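**Student:** Before we start, here is the structure in question, set down as structure tokens.
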Amino acid sequence: MEGRHWREGRVRVLHDTALAQPPAHWWFDPAELERRSLVTGRGGGRGSVVFFRVPDAAGGRPGEGSRDEPPQWVLRHYLRGGTIARALGDRYLWQGLQETRPWQEWHYTARLYDEGLPVPRPVAGRVVRLGPTYTADLITVRVPGARSLDENLGGQGVSEATWRAVGACIRRFHDAGHWHPDLNSRNILIDPKGEVWIIDWDRGEHRPESATDWRQANLQRLKRDLEKRLRTRERWAYSEACFSALLAGYEGARPR
């Protein structure tokens, strides 16, 4: 897939050239999306994620939505975490357009998508420069009917077969040399067909084949996240056997 960008004052927007028209400013405005009755839901920390129906003028692409569900997109506003958030809030230091979060994530996700890996297709990214800082947003295609592993584990849980599928999916990315910086239950999606997707590739990296230690570190990071939530969530359908099934799927997956 190819990207193109435009600039208007302090605003820079990068978008998929397959769109029927370039993104409008209001696509990145949750209040305006709400006013136009396009919002279908919210999620993420502090409502930083907005799910919305694809604007008519944008045109959904093949593979988006389903017969029973019109195509939807996901708008994510980048938010800082930790102590630095108290000082900068949702602002990031400007170090050049190519170094901005949405520019890097859009291009990296497009690369994964072109390689045939299970990631949502990136739609558009926006940067608003504010002197030495900027704010940022990213729009991607919503996987129809998908729920995060986190949502599933907070309910009835998932089957052993699904845990194996999660492991096999992670192995696909690892075999292709792709490292996810924040592999956790919120960034793993399971669709109604049982297919597994991995999202939020902000700061993702391609690692050399000669280095292999990062693979186990990536898996252990996910395991620590799952175990932490077991201690903090009132309901969390997870046990050591679940991760053993994940590892079995990981080890049993064949390179594609």
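By convention here, the chains of the structure tokens are called A, B, ... in the order presented, each chain's residues are numbered starting at 1, and ligands are numbered starting at 1 in the order presented.
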Determine, counting only C-alpha atoms, which protein, DNA and RNA residues have an atom within 10 Å of an atom of Gly154 of chain A; residues of the same chain fewer than 6 positions away are not included. Present the result as a VMD selection string.
**Tutor:** chain A and resid 148 229 to 230 233 to 238
**Student:** Just the residues within 9 Å of segment 135-138 of chain A, please, counting only C-alpha atoms, with nothing from its chain fewer than 6 positions along; format it as JSON, numbers by chain.
**Tutor:** {"A": [28, 74, 75, 76, 77, 78, 79, 90, 91, 92, 100, 101, 102, 103, 105, 106, 122, 123, 124, 125, 126, 127, 128, 129]}
**Student:** If you count only C-alpha atoms, which residues fall within 12 Å of segment 38-41 of chain A, apart from same-chain ones fewer than 5 positions away, as an mmCIF file with N, CA, C and O atoms, in the first residue's frame?
**Tutor:**
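Heads up, here's the output in out.cif:
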data_model
loop_
_atom_site.group_PDB
_atom_site.id
_atom_site.type_symbol
_atom_site.label_atom_id
_atom_site.label_comp_id
_atom_site.auth_asym_id
_atom_site.auth_seq_id
_atom_site.Cartn_x
_atom_site.Cartn_y
_atom_site.Cartn_z
ATOM 1 N N TRP A 26 -12.323 16.748 10.171
ATOM 2 C CA TRP A 26 -13.269 16.256 11.174
ATOM 3 C C TRP A 26 -13.192 14.749 11.400
ATOM 4 O O TRP A 26 -13.729 14.247 12.385
ATOM 5 N N TRP A 27 -12.510 14.026 10.514
ATOM 6 C CA TRP A 27 -12.339 12.592 10.760
ATOM 7 C C TRP A 27 -11.575 12.344 12.052
ATOM 8 O O TRP A 27 -11.700 11.288 12.664
ATOM 9 N N PHE A 28 -10.779 13.317 12.462
ATOM 10 C CA PHE A 28 -9.953 13.174 13.665
ATOM 11 C C PHE A 28 -10.577 13.859 14.883
ATOM 12 O O PHE A 28 -9.924 13.979 15.918
ATOM 13 N N ASP A 29 -11.811 14.294 14.758
ATOM 14 C CA ASP A 29 -12.483 15.050 15.819
ATOM 15 C C ASP A 29 -13.629 14.224 16.403
ATOM 16 O O ASP A 29 -14.698 14.118 15.788
ATOM 17 N N PRO A 30 -13.445 13.618 17.591
ATOM 18 C CA PRO A 30 -14.497 12.787 18.176
ATOM 19 C C PRO A 30 -15.828 13.517 18.346
ATOM 20 O O PRO A 30 -16.891 12.921 18.133
ATOM 21 N N ALA A 31 -15.783 14.797 18.717
ATOM 22 C CA ALA A 31 -17.025 15.552 18.915
ATOM 23 C C ALA A 31 -17.794 15.686 17.600
ATOM 24 O O ALA A 31 -19.029 15.562 17.564
ATOM 25 N N GLU A 32 -17.062 15.932 16.516
ATOM 26 C CA GLU A 32 -17.720 16.076 15.212
ATOM 27 C C GLU A 32 -18.231 14.731 14.705
ATOM 28 O O GLU A 32 -19.312 14.650 14.105
ATOM 29 N N LEU A 33 -17.475 13.677 14.944
ATOM 30 C CA LEU A 33 -17.944 12.342 14.572
ATOM 31 C C LEU A 33 -19.226 12.007 15.329
ATOM 32 O O LEU A 33 -20.159 11.413 14.772
ATOM 33 N N GLY A 47 -10.892 7.059 27.281
ATOM 34 C CA GLY A 47 -11.663 7.272 26.062
ATOM 35 C C GLY A 47 -10.832 7.709 24.883
ATOM 36 O O GLY A 47 -11.315 8.417 24.000
ATOM 37 N N SER A 48 -9.556 7.280 24.842
ATOM 38 C CA SER A 48 -8.657 7.721 23.781
ATOM 39 C C SER A 48 -8.914 7.026 22.450
ATOM 40 O O SER A 48 -8.336 7.388 21.432
ATOM 41 N N VAL A 49 -9.790 6.006 22.443
ATOM 42 C CA VAL A 49 -10.110 5.271 21.224
ATOM 43 C C VAL A 49 -11.584 5.465 20.886
ATOM 44 O O VAL A 49 -12.452 5.314 21.749
ATOM 45 N N VAL A 50 -11.856 5.815 19.638
ATOM 46 C CA VAL A 50 -13.227 6.020 19.179
ATOM 47 C C VAL A 50 -13.479 5.116 17.979
ATOM 48 O O VAL A 50 -12.703 5.133 17.011
ATOM 49 N N PHE A 51 -14.542 4.334 18.025
ATOM 50 C CA PHE A 51 -14.942 3.501 16.901
ATOM 51 C C PHE A 51 -16.028 4.251 16.137
ATOM 52 O O PHE A 51 -16.975 4.765 16.736
ATOM 53 N N PHE A 52 -15.896 4.300 14.813
ATOM 54 C CA PHE A 52 -16.901 5.036 14.050
ATOM 55 C C PHE A 52 -17.101 4.436 12.659
ATOM 56 O O PHE A 52 -16.204 3.801 12.104
ATOM 57 N N ARG A 53 -18.315 4.647 12.134
ATOM 58 C CA ARG A 53 -18.621 4.174 10.786
ATOM 59 C C ARG A 53 -17.841 4.989 9.765
ATOM 60 O O ARG A 53 -17.637 6.195 9.933
ATOM 61 N N VAL A 54 -17.420 4.324 8.705
ATOM 62 C CA VAL A 54 -16.654 5.002 7.665
ATOM 63 C C VAL A 54 -17.515 6.092 7.026
ATOM 64 O O VAL A 54 -18.649 5.820 6.609
ATOM 65 N N PRO A 55 -17.024 7.326 6.960
ATOM 66 C CA PRO A 55 -17.787 8.404 6.313
ATOM 67 C C PRO A 55 -18.135 8.021 4.870
ATOM 68 O O PRO A 55 -17.314 7.430 4.157
ATOM 69 N N ASP A 56 -19.339 8.357 4.438
ATOM 70 C CA ASP A 56 -19.799 7.974 3.102
ATOM 71 C C ASP A 56 -18.839 8.405 2.007
ATOM 72 O O ASP A 56 -18.567 7.651 1.069
ATOM 73 N N GLU A 69 -22.502 -6.057 8.904
ATOM 74 C CA GLU A 69 -21.911 -4.947 9.643
ATOM 75 C C GLU A 69 -21.188 -4.001 8.686
ATOM 76 O O GLU A 69 -20.243 -4.411 8.005
ATOM 77 N N PRO A 70 -21.629 -2.742 8.590
ATOM 78 C CA PRO A 70 -20.955 -1.793 7.697
ATOM 79 C C PRO A 70 -19.526 -1.544 8.171
ATOM 80 O O PRO A 70 -19.213 -1.743 9.350
ATOM 81 N N PRO A 71 -18.632 -1.169 7.262
ATOM 82 C CA PRO A 71 -17.234 -0.961 7.641
ATOM 83 C C PRO A 71 -17.069 0.130 8.694
ATOM 84 O O PRO A 71 -17.770 1.145 8.676
ATOM 85 N N GLN A 72 -16.151 -0.112 9.621
ATOM 86 C CA GLN A 72 -15.861 0.855 10.672
ATOM 87 C C GLN A 72 -14.364 1.108 10.745
ATOM 88 O O GLN A 72 -13.557 0.275 10.335
ATOM 89 N N TRP A 73 -14.035 2.267 11.287
ATOM 90 C CA TRP A 73 -12.651 2.626 11.527
ATOM 91 C C TRP A 73 -12.444 2.880 13.019
ATOM 92 O O TRP A 73 -13.413 2.979 13.782
ATOM 93 N N VAL A 74 -11.187 2.966 13.402
ATOM 94 C CA VAL A 74 -10.810 3.214 14.794
ATOM 95 C C VAL A 74 -9.917 4.450 14.838
ATOM 96 O O VAL A 74 -8.873 4.488 14.180
ATOM 97 N N LEU A 75 -10.330 5.442 15.602
ATOM 98 C CA LEU A 75 -9.520 6.648 15.810
ATOM 99 C C LEU A 75 -8.856 6.549 17.172
ATOM 100 O O LEU A 75 -9.532 6.377 18.187
ATOM 101 N N ARG A 142 -11.223 -1.094 11.547
ATOM 102 C CA ARG A 142 -11.644 -1.935 12.665
ATOM 103 C C ARG A 142 -11.870 -3.365 12.180
ATOM 104 O O ARG A 142 -12.536 -3.580 11.155
#
**Student:** Using only C-alpha atoms, find the one residue out of A:Ala241, A:Leu97, A:Ala248, A:Ile199 that sits nearest to Leu117 of chain A.
**Tutor:**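 Result for the nearest residue to Leu117 of chain A: A:Ile199.
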**Student:** One decimal, Å: what's the distance from atom CA of Leu130 of chain A over to atom CA of Leu14 of chain A, could you say?
**Tutor:**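 Atom CA of Leu14 of chain A lies 17.7 Å from atom CA of Leu130 of chain A.
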**Student:** So what do you get for atom CA of Asn218 of chain A versus atom CA of Phe173 of chain A, distance-wise?
**Tutor:**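 Atom CA of Asn218 of chain A sits 11.2 Å away from atom CA of Phe173 of chain A.
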**Student:** How many Å separate atom CA of Glu251 of chain A from atom CA of Thr212 of chain A?
**Tutor:**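 Between these atoms lies a distance of 14.0 Å.
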**Student:** Neighbouring residues of Glu160 of chain A were defined as those with any atom within 7 Å, considering only C-alpha atoms; residues of the same chain fewer than 3 positions away were excluded. Please report them as a PyMOL selection string.
**Tutor:** chain A and resi 163-164+242+245
**Student:** Just list as a CSV table (one decimal) with all heavy atoms, in the first residue's frame whatever in segment 124-191 of chain A DSSP marks as strand (DSSP E or B).
**Tutor:**
chain,number,residue,atom,x,y,z
A,124,ALA,N,-5.1,6.6,8.1
A,124,ALA,CA,-4.6,7.9,8.1
A,124,ALA,C,-4.0,8.3,9.5
A,124,ALA,O,-4.4,7.7,10.5
A,124,ALA,CB,-5.7,8.9,7.8
A,125,GLY,N,-3.0,9.1,9.5
A,125,GLY,CA,-2.4,9.6,10.7
A,125,GLY,C,-2.3,11.2,10.6
A,125,GLY,O,-2.2,11.7,9.5
A,126,ARG,N,-2.5,11.8,11.8
A,126,ARG,CA,-2.4,13.3,11.8
A,126,ARG,C,-1.5,13.8,12.9
A,126,ARG,O,-1.4,13.2,14.0
A,126,ARG,CB,-3.8,13.8,12.1
A,126,ARG,CG,-3.9,15.4,12.2
A,126,ARG,CD,-5.2,15.9,12.5
A,126,ARG,NE,-5.6,15.7,13.9
A,126,ARG,CZ,-6.6,16.4,14.5
A,126,ARG,NH1,-7.3,17.3,13.9
A,126,ARG,NH2,-6.8,16.1,15.8
A,127,VAL,N,-0.8,14.8,12.6
A,127,VAL,CA,0.1,15.5,13.5
A,127,VAL,C,-0.3,16.9,13.5
A,127,VAL,O,-0.4,17.6,12.5
A,127,VAL,CB,1.6,15.3,13.1
A,127,VAL,CG1,2.5,16.2,13.9
A,127,VAL,CG2,2.1,13.9,13.2
A,128,VAL,N,-0.4,17.5,14.7
A,128,VAL,CA,-0.7,18.9,14.9
A,128,VAL,C,0.5,19.5,15.7
A,128,VAL,O,0.7,19.2,16.9
A,128,VAL,CB,-2.0,19.2,15.7
A,128,VAL,CG1,-2.2,20.7,15.8
A,128,VAL,CG2,-3.2,18.5,14.9
A,129,ARG,N,1.3,20.3,15.0
A,129,ARG,CA,2.5,20.8,15.6
A,129,ARG,C,2.2,22.1,16.5
A,129,ARG,O,1.4,23.0,16.1
A,129,ARG,CB,3.5,21.2,14.6
A,129,ARG,CG,4.9,21.6,15.2
A,129,ARG,CD,6.0,21.8,14.2
A,129,ARG,NE,7.2,22.2,14.9
A,129,ARG,CZ,8.3,22.5,14.3
A,129,ARG,NH1,8.4,22.5,12.9
A,129,ARG,NH2,9.4,22.8,14.9
A,130,LEU,N,2.7,22.1,17.7
A,130,LEU,CA,2.5,23.1,18.7
A,130,LEU,C,3.8,23.6,19.2
A,130,LEU,O,4.3,23.2,20.2
A,130,LEU,CB,1.6,22.6,19.8
A,130,LEU,CG,0.3,22.0,19.4
A,130,LEU,CD1,-0.3,21.2,20.6
A,130,LEU,CD2,-0.7,23.1,18.9
A,133,THR,N,6.5,21.0,20.3
A,133,THR,CA,5.8,19.8,20.6
A,133,THR,C,4.7,19.5,19.5
A,133,THR,O,4.5,20.4,18.7
A,133,THR,CB,5.1,19.8,22.0
A,133,THR,OG1,4.0,20.8,22.0
A,133,THR,CG2,6.1,20.1,23.1
A,134,TYR,N,4.0,18.4,19.6
A,134,TYR,CA,2.9,18.1,18.7
A,134,TYR,C,2.0,17.1,19.4
A,134,TYR,O,2.3,16.4,20.4
A,134,TYR,CB,3.5,17.4,17.4
A,134,TYR,CG,4.0,16.0,17.6
A,134,TYR,CD1,3.3,14.9,17.4
A,134,TYR,CD2,5.4,15.8,17.9
A,134,TYR,CE1,3.8,13.6,17.6
A,134,TYR,CE2,5.9,14.6,18.0
A,134,TYR,CZ,5.1,13.5,17.9
A,134,TYR,OH,5.7,12.2,18.0
A,135,THR,N,0.7,17.0,18.9
A,135,THR,CA,-0.2,16.0,19.3
A,135,THR,C,-0.5,15.1,18.1
A,135,THR,O,-0.2,15.5,17.0
A,135,THR,CB,-1.6,16.6,19.8
A,135,THR,OG1,-2.1,17.4,18.7
A,135,THR,CG2,-1.3,17.5,21.0
A,136,ALA,N,-1.0,13.9,18.4
A,136,ALA,CA,-1.1,13.0,17.3
A,136,ALA,C,-2.3,12.0,17.4
A,136,ALA,O,-2.8,11.8,18.5
A,136,ALA,CB,0.2,12.1,17.3
A,137,ASP,N,-2.7,11.6,16.2
A,137,ASP,CA,-3.8,10.7,16.1
A,137,ASP,C,-3.6,9.7,15.0
A,137,ASP,O,-2.8,10.0,14.0
A,137,ASP,CB,-5.1,11.4,15.8
A,137,ASP,CG,-5.4,12.5,16.8
A,137,ASP,OD1,-6.0,12.2,17.8
A,137,ASP,OD2,-5.0,13.7,16.5
A,138,LEU,N,-4.2,8.5,15.1
A,138,LEU,CA,-4.1,7.5,14.0
A,138,LEU,C,-5.4,6.8,13.8
A,138,LEU,O,-6.2,6.5,14.7
A,138,LEU,CB,-3.1,6.4,14.4
A,138,LEU,CG,-2.8,5.4,13.3
A,138,LEU,CD1,-1.9,6.0,12.2
A,138,LEU,CD2,-2.0,4.2,14.0
A,139,ILE,N,-5.8,6.6,12.5
A,139,ILE,CA,-7.0,5.9,12.1
A,139,ILE,C,-6.6,4.6,11.4
A,139,ILE,O,-5.8,4.6,10.5
A,139,ILE,CB,-7.9,6.8,11.2
A,139,ILE,CG1,-8.4,8.0,11.9
A,139,ILE,CG2,-9.1,5.9,10.7
A,139,ILE,CD1,-9.1,9.0,11.0
A,140,THR,N,-7.2,3.5,11.9
A,140,THR,CA,-7.0,2.2,11.3
A,140,THR,C,-8.4,1.6,11.0
A,140,THR,O,-9.4,2.0,11.5
A,140,THR,CB,-6.2,1.3,12.2
A,140,THR,OG1,-6.9,1.1,13.4
A,140,THR,CG2,-4.8,1.8,12.4
A,141,VAL,N,-8.4,0.5,10.2
A,141,VAL,CA,-9.6,-0.2,9.9
A,141,VAL,C,-10.0,-1.0,11.2
A,141,VAL,O,-9.1,-1.6,11.8
A,141,VAL,CB,-9.5,-1.1,8.7
A,141,VAL,CG1,-10.7,-2.1,8.6
A,141,VAL,CG2,-9.3,-0.3,7.5
A,147,ARG,N,-12.8,-8.9,19.4
A,147,ARG,CA,-12.7,-8.5,20.8
A,147,ARG,C,-11.3,-8.8,21.3
A,147,ARG,O,-10.6,-9.7,20.8
A,147,ARG,CB,-13.7,-9.3,21.7
A,147,ARG,CG,-15.1,-9.2,21.3
A,147,ARG,CD,-16.0,-10.0,22.2
A,147,ARG,NE,-16.0,-9.5,23.6
A,147,ARG,CZ,-16.1,-10.3,24.7
A,147,ARG,NH1,-16.1,-11.6,24.6
A,147,ARG,NH2,-16.2,-9.7,25.9
A,148,SER,N,-10.8,-7.9,22.2
A,148,SER,CA,-9.4,-8.1,22.7
A,148,SER,C,-9.4,-9.3,23.5
A,148,SER,O,-10.4,-9.8,24.1
A,148,SER,CB,-9.0,-6.9,23.4
A,148,SER,OG,-9.7,-6.8,24.7
A,178,HIS,N,9.6,-9.2,13.4
A,178,HIS,CA,8.9,-8.1,13.9
A,178,HIS,C,8.7,-8.2,15.5
A,178,HIS,O,8.1,-9.1,16.0
A,178,HIS,CB,7.6,-7.9,13.2
A,178,HIS,CG,7.7,-7.6,11.8
A,178,HIS,ND1,8.3,-6.5,11.3
A,178,HIS,CD2,7.4,-8.4,10.7
A,178,HIS,CE1,8.3,-6.6,9.9
A,178,HIS,NE2,7.8,-7.7,9.6
A,179,TRP,N,9.2,-7.1,16.2
A,179,TRP,CA,9.1,-7.0,17.6
A,179,TRP,C,8.1,-6.0,18.0
A,179,TRP,O,8.1,-4.9,17.5
A,179,TRP,CB,10.5,-6.6,18.2
A,179,TRP,CG,10.5,-6.3,19.6
A,179,TRP,CD1,10.5,-7.1,20.7
A,179,TRP,CD2,10.6,-4.9,20.2
A,179,TRP,NE1,10.6,-6.4,21.9
A,179,TRP,CE2,10.6,-5.1,21.6
A,179,TRP,CE3,10.6,-3.7,19.6
A,179,TRP,CZ2,10.6,-4.0,22.4
A,179,TRP,CZ3,10.6,-2.6,20.5
A,179,TRP,CH2,10.7,-2.7,21.9
A,188,ILE,N,-4.0,-7.7,21.6
A,188,ILE,CA,-4.2,-9.0,20.8
A,188,ILE,C,-5.7,-9.1,20.6
A,188,ILE,O,-6.5,-9.1,21.6
A,188,ILE,CB,-3.7,-10.2,21.6
A,188,ILE,CG1,-2.2,-10.1,21.8
A,188,ILE,CG2,-4.1,-11.5,20.9
A,188,ILE,CD1,-1.6,-11.2,22.7
A,189,LEU,N,-6.2,-9.2,19.4
A,189,LEU,CA,-7.6,-9.3,19.1
A,189,LEU,C,-7.9,-10.7,18.6
A,189,LEU,O,-7.1,-11.4,17.9
A,189,LEU,CB,-8.0,-8.3,18.0
A,189,LEU,CG,-7.7,-6.8,18.2
A,189,LEU,CD1,-8.3,-6.0,17.1
A,189,LEU,CD2,-8.3,-6.4,19.6
A,190,ILE,N,-9.2,-11.1,18.8
A,190,ILE,CA,-9.7,-12.4,18.3
A,190,ILE,C,-11.0,-12.1,17.6
A,190,ILE,O,-11.9,-11.6,18.3
A,190,ILE,CB,-9.9,-13.4,19.5
A,190,ILE,CG1,-8.6,-13.6,20.3
A,190,ILE,CG2,-10.4,-14.7,19.0
A,190,ILE,CD1,-8.7,-14.3,21.6
**Student:** From the options A:Gly177, A:His107, A:Pro23, A:Pro118, which residue's atoms come nearest to Ser210 of chain A, counting only C-alpha atoms?
**Tutor:**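 Among A:Gly177, A:His107, A:Pro23, A:Pro118, it is A:Gly177 that comes nearest to Ser210 of chain A.
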**Student:** Would you kindly return, as a ChimeraX atom specification, each protein, DNA or RNA residue with an atom no farther than 10 Å from any atom of Gly249 of chain A, considering only C-alpha atoms and excluding same-chain residues fewer than 6 positions away?
**Tutor:** /A:160-171,243
